[in-house]
Amino acid sequence: GHKYGSPWIYAALEKGLEAFEGQATVFELDETYACREIDKSTAFVAIAGFGESQSITTRILNAAFKQIGANVRCLPIELGDVKMLKKMLDVLKIKAILVSEGNGQQLMPLAEHIDKHDAQSEYIDLLLRRDDGWHGYNTLWRSGLRALENAVGGGEVKRGLERQNVLVLGHGGMAQSMVYGVTQRKGLVSICGPKDKEAQKIAVANQCRFVPFHNLYDTLADIIVIADRSIVCGQNQGNVNPSLFRASHTVLDVSEPPQEHALFTEARERGCKVVEPQSVYVDQINAQFKAITGRDLPPEAFAKGLAE
């Protein structure tokens, strides 16, 4: 597994999720956003959103920046209008932006330089300012694939997804990103979501199989990827019924790492082989930190960043 993949890190992540529920704004300003440590020379990494996942990321990164002696702190922002966002970036000392929850497609117009694979995935979750402009990166599909391949092939099979039937659930940026990534690994990809037209559009773009939503439960799959936080677990029309899952399935959740989707919880309870979203998150946040600083994220930052 990943060198930061120790069980205590995952336990700390789960503890951190609980610690952020119902906390006061003053606590967040002091403990989460380290407002007392900011001075006129502080550079900022913008974290898009104000939810639990963003708070966890902020605390971990702030602890890591402090540990390596970098005068960089995280700043929460709303993405809003891209034109207004660009003006804000030009005024503030923001060196990077991190997004989650499928909002990566909104950042695409701001990136002046994008790796061809990340560009083809049509999703970026890290925007980094360099001397020649803004560079966009998609760390999600790489971290998700590494976690999945380690689970399927034990880290020993170079193309553990080749010829595997992989069903991606959802539509939007994260689903598009994972369809692209699995396709690059020669997986036999199908995509399905409650919004048929959106799912079909992704299928056409990636030359993979589109499954109409009403045919979801008749679809053969070895691996199921939950790639859209907006999908609802339930029995009502437009919901995904957890009866979809079989014990023979391997299930990956990239909908909102490190938190887990209700469908993922159901998959675990039904005996599926699960790839924890925490394992994706640990790999992803280390990749993002290394892109920003050039250094590995200190493992101690997980404990310090998530201490109650």
# chains A, B, ... in the order shown; residues from 1 in each chain; ligands from 1
>>> select_by_dssp(residues="range 147-257 of chain A", states="alpha helix (DSSP H)", output="VMD selection string")
chain A and resid 147 to 153 173 to 184 196 to 206
>>> write_last_selection(atoms="N, CA, C and O atoms", output="CSV table (one decimal), in the first residue's frame")
chain,number,residue,atom,x,y,z
A,147,ALA,N,-5.3,3.4,-5.8
A,147,ALA,CA,-6.0,2.7,-4.8
A,147,ALA,C,-6.8,1.5,-5.3
A,147,ALA,O,-6.7,0.4,-4.7
A,148,LEU,N,-7.4,1.6,-6.4
A,148,LEU,CA,-8.2,0.5,-7.0
A,148,LEU,C,-7.3,-0.6,-7.5
A,148,LEU,O,-7.5,-1.8,-7.3
A,149,GLU,N,-6.2,-0.2,-8.2
A,149,GLU,CA,-5.3,-1.2,-8.7
A,149,GLU,C,-4.6,-2.0,-7.6
A,149,GLU,O,-4.3,-3.2,-7.7
A,150,ASN,N,-4.3,-1.3,-6.5
A,150,ASN,CA,-3.7,-2.0,-5.4
A,150,ASN,C,-4.6,-3.0,-4.8
A,150,ASN,O,-4.2,-4.1,-4.3
A,151,ALA,N,-5.9,-2.6,-4.8
A,151,ALA,CA,-6.9,-3.6,-4.2
A,151,ALA,C,-7.1,-4.8,-5.2
A,151,ALA,O,-7.3,-5.9,-4.7
A,152,VAL,N,-7.2,-4.5,-6.5
A,152,VAL,CA,-7.5,-5.5,-7.4
A,152,VAL,C,-6.3,-6.4,-7.7
A,152,VAL,O,-6.4,-7.6,-7.8
A,153,GLY,N,-5.1,-5.8,-7.8
A,153,GLY,CA,-3.9,-6.5,-8.1
A,153,GLY,C,-2.9,-6.7,-7.0
A,153,GLY,O,-1.8,-7.2,-7.3
A,173,GLY,N,-18.0,16.0,-13.5
A,173,GLY,CA,-16.6,16.0,-13.6
A,173,GLY,C,-15.9,14.8,-13.0
A,173,GLY,O,-15.0,14.2,-13.7
A,174,MET,N,-16.3,14.3,-11.8
A,174,MET,CA,-15.6,13.2,-11.3
A,174,MET,C,-15.9,11.9,-12.0
A,174,MET,O,-15.0,11.1,-12.2
A,175,ALA,N,-17.1,11.7,-12.5
A,175,ALA,CA,-17.4,10.5,-13.3
A,175,ALA,C,-16.7,10.5,-14.6
A,175,ALA,O,-16.1,9.5,-15.0
A,176,GLN,N,-16.7,11.7,-15.2
A,176,GLN,CA,-15.9,11.8,-16.5
A,176,GLN,C,-14.4,11.5,-16.3
A,176,GLN,O,-13.8,10.8,-17.1
A,177,SER,N,-13.9,12.0,-15.2
A,177,SER,CA,-12.5,11.8,-14.9
A,177,SER,C,-12.2,10.3,-14.7
A,177,SER,O,-11.2,9.8,-15.2
A,178,MET,N,-13.0,9.6,-13.9
A,178,MET,CA,-12.8,8.2,-13.6
A,178,MET,C,-13.0,7.3,-14.9
A,178,MET,O,-12.3,6.3,-15.1
A,179,VAL,N,-14.0,7.7,-15.7
A,179,VAL,CA,-14.2,6.9,-16.9
A,179,VAL,C,-12.9,7.0,-17.8
A,179,VAL,O,-12.4,6.0,-18.4
A,180,TYR,N,-12.4,8.2,-17.9
A,180,TYR,CA,-11.2,8.4,-18.7
A,180,TYR,C,-10.0,7.6,-18.1
A,180,TYR,O,-9.3,6.9,-18.9
A,181,GLY,N,-9.8,7.7,-16.8
A,181,GLY,CA,-8.7,7.0,-16.2
A,181,GLY,C,-8.8,5.5,-16.4
A,181,GLY,O,-7.8,4.9,-16.7
A,182,VAL,N,-9.9,4.9,-16.1
A,182,VAL,CA,-10.1,3.5,-16.2
A,182,VAL,C,-9.9,3.0,-17.7
A,182,VAL,O,-9.3,2.0,-18.0
A,183,THR,N,-10.4,3.9,-18.6
A,183,THR,CA,-10.2,3.6,-20.0
A,183,THR,C,-8.7,3.5,-20.4
A,183,THR,O,-8.3,2.6,-21.2
A,184,GLN,N,-7.9,4.4,-19.8
A,184,GLN,CA,-6.5,4.4,-20.1
A,184,GLN,C,-5.8,3.1,-19.5
A,184,GLN,O,-4.8,2.7,-20.0
A,196,ASP,N,-29.7,10.3,-17.9
A,196,ASP,CA,-29.2,9.6,-19.0
A,196,ASP,C,-28.5,10.4,-20.1
A,196,ASP,O,-27.4,10.0,-20.6
A,197,LYS,N,-28.9,11.6,-20.4
A,197,LYS,CA,-28.3,12.4,-21.4
A,197,LYS,C,-26.9,12.8,-21.0
A,197,LYS,O,-26.0,12.8,-21.8
A,198,GLU,N,-26.7,13.1,-19.7
A,198,GLU,CA,-25.3,13.5,-19.2
A,198,GLU,C,-24.4,12.3,-19.2
A,198,GLU,O,-23.2,12.4,-19.6
A,199,ALA,N,-24.9,11.1,-18.8
A,199,ALA,CA,-24.1,9.9,-18.8
A,199,ALA,C,-23.7,9.5,-20.2
A,199,ALA,O,-22.6,9.1,-20.5
A,200,GLN,N,-24.7,9.6,-21.1
A,200,GLN,CA,-24.4,9.3,-22.5
A,200,GLN,C,-23.4,10.2,-23.1
A,200,GLN,O,-22.6,9.7,-23.9
A,201,LYS,N,-23.4,11.4,-22.8
A,201,LYS,CA,-22.4,12.4,-23.3
A,201,LYS,C,-21.0,12.0,-22.9
A,201,LYS,O,-20.1,12.0,-23.7
A,202,ILE,N,-20.8,11.6,-21.7
A,202,ILE,CA,-19.5,11.1,-21.2
A,202,ILE,C,-19.1,9.8,-21.9
A,202,ILE,O,-18.0,9.7,-22.3
A,203,ALA,N,-20.1,8.9,-22.2
A,203,ALA,CA,-19.8,7.7,-22.9
A,203,ALA,C,-19.3,7.9,-24.3
A,203,ALA,O,-18.3,7.3,-24.8
A,204,VAL,N,-20.0,8.9,-25.0
A,204,VAL,CA,-19.6,9.2,-26.3
A,204,VAL,C,-18.2,9.8,-26.4
A,204,VAL,O,-17.3,9.5,-27.2
A,205,ALA,N,-17.9,10.7,-25.4
A,205,ALA,CA,-16.6,11.4,-25.4
A,205,ALA,C,-15.4,10.4,-25.2
A,205,ALA,O,-14.3,10.6,-25.6
A,206,ASN,N,-15.7,9.3,-24.4
A,206,ASN,CA,-14.7,8.4,-24.1
A,206,ASN,C,-14.8,7.0,-24.8
A,206,ASN,O,-14.0,6.1,-24.5
>>> select_by_dssp(residues="range 50-284 of chain A", states="strand (DSSP E or B)", output="MDAnalysis selection string")
chainID A and resid 72:77 94:98 113:114 126:130 133:137 165:169 188:192 209:210 223:226 233 240 250:253 273:275
>>> closest_residue(among="A:Glu78, A:Arg270, A:Ala301, A:Asn138", to="Val282 in chain A", atoms="only C-alpha atoms")
A:Ala301
>>> residues_around(residues="Leu126 in chain A", least_positions_apart="3", cutoff="12 Å", atoms="only C-alpha atoms", output="number ranges by chain")
A: 45-48, 95-100, 103-108, 110-111, 113-114, 118, 123, 129, 134-140, 284-285, 287-292
>>> write_last_selection(atoms="C-alpha atoms", output="tab-separated table (two decimals), in the first residue's frame")
chain	number	residue	atom	x	y	z
A	45	VAL	CA	-3.69	28.14	-0.86
A	46	ALA	CA	-7.39	28.54	-1.64
A	47	ILE	CA	-9.72	25.70	-0.64
A	48	ALA	CA	-13.01	25.87	-2.52
A	95	LYS	CA	-0.42	30.26	-5.08
A	96	ALA	CA	-2.82	27.35	-5.54
A	97	ILE	CA	-6.50	26.35	-5.52
A	98	LEU	CA	-7.86	22.95	-4.46
A	99	VAL	CA	-11.39	21.86	-5.31
A	100	SER	CA	-13.54	18.82	-4.60
A	103	ASN	CA	-16.24	21.28	-9.16
A	104	GLY	CA	-13.05	20.72	-11.12
A	105	GLN	CA	-14.60	21.50	-14.47
A	106	GLN	CA	-15.13	25.10	-13.31
A	107	LEU	CA	-11.37	25.60	-12.99
A	108	MET	CA	-10.55	24.44	-16.51
A	110	LEU	CA	-8.35	29.38	-15.64
A	111	ALA	CA	-5.58	26.89	-16.43
A	113	HIS	CA	-1.13	24.84	-18.97
A	114	ILE	CA	-2.62	21.36	-18.48
A	118	ASP	CA	-5.56	15.76	-17.37
A	123	TYR	CA	-11.40	17.77	-14.84
A	129	ARG	CA	0.58	29.28	-10.00
A	134	TRP	CA	-1.49	28.74	-13.96
A	135	HIS	CA	-1.03	24.98	-14.29
A	136	GLY	CA	-3.96	22.58	-13.88
A	137	TYR	CA	-3.71	19.04	-12.49
A	138	ASN	CA	-6.13	16.18	-11.97
A	139	THR	CA	-4.92	14.26	-8.91
A	140	LEU	CA	-8.25	12.49	-8.33
A	284	GLN	CA	-4.41	12.61	-3.25
A	285	ILE	CA	-3.59	15.15	-0.54
A	287	ALA	CA	0.21	14.49	-4.32
A	288	GLN	CA	-1.31	17.96	-4.01
A	289	PHE	CA	1.04	19.00	-1.20
A	290	LYS	CA	4.05	17.75	-3.14
A	291	ALA	CA	2.97	19.69	-6.24
A	292	ILE	CA	2.69	22.86	-4.15
>>> atom_distance(atom1="CA of Thr42 in chain A", atom2="CA of Leu85 in chain A")
19.5 Å
>>> atom_distance(atom1="CA of His171 in chain A", atom2="CA of Thr57 in chain A")
24.4 Å
>>> closest_residue(among="A:Leu252, A:Ala262, A:Leu216, A:Met88", to="Ser230 in chain A", atoms="only C-alpha atoms")
A:Ala262
>>> closest_residue(among="A:His261, A:Lys93, A:Arg73, A:Arg163", to="Pro242 in chain A", atoms="only C-alpha atoms")
A:His261
>>> atom_distance(atom1="CA of Lys273 in chain A", atom2="CA of Val251 in chain A")
6.3 Å
>>> closest_residue(among="A:Val254, A:Ala267, A:His249, A:Phe302", to="Trp141 in chain A", atoms="only C-alpha atoms")
A:Val254
>>> closest_residue(among="A:Ile226, A:Ser279, A:Pro109, A:Glu122", to="Thr265 in chain A", atoms="only C-alpha atoms")
A:Ile226
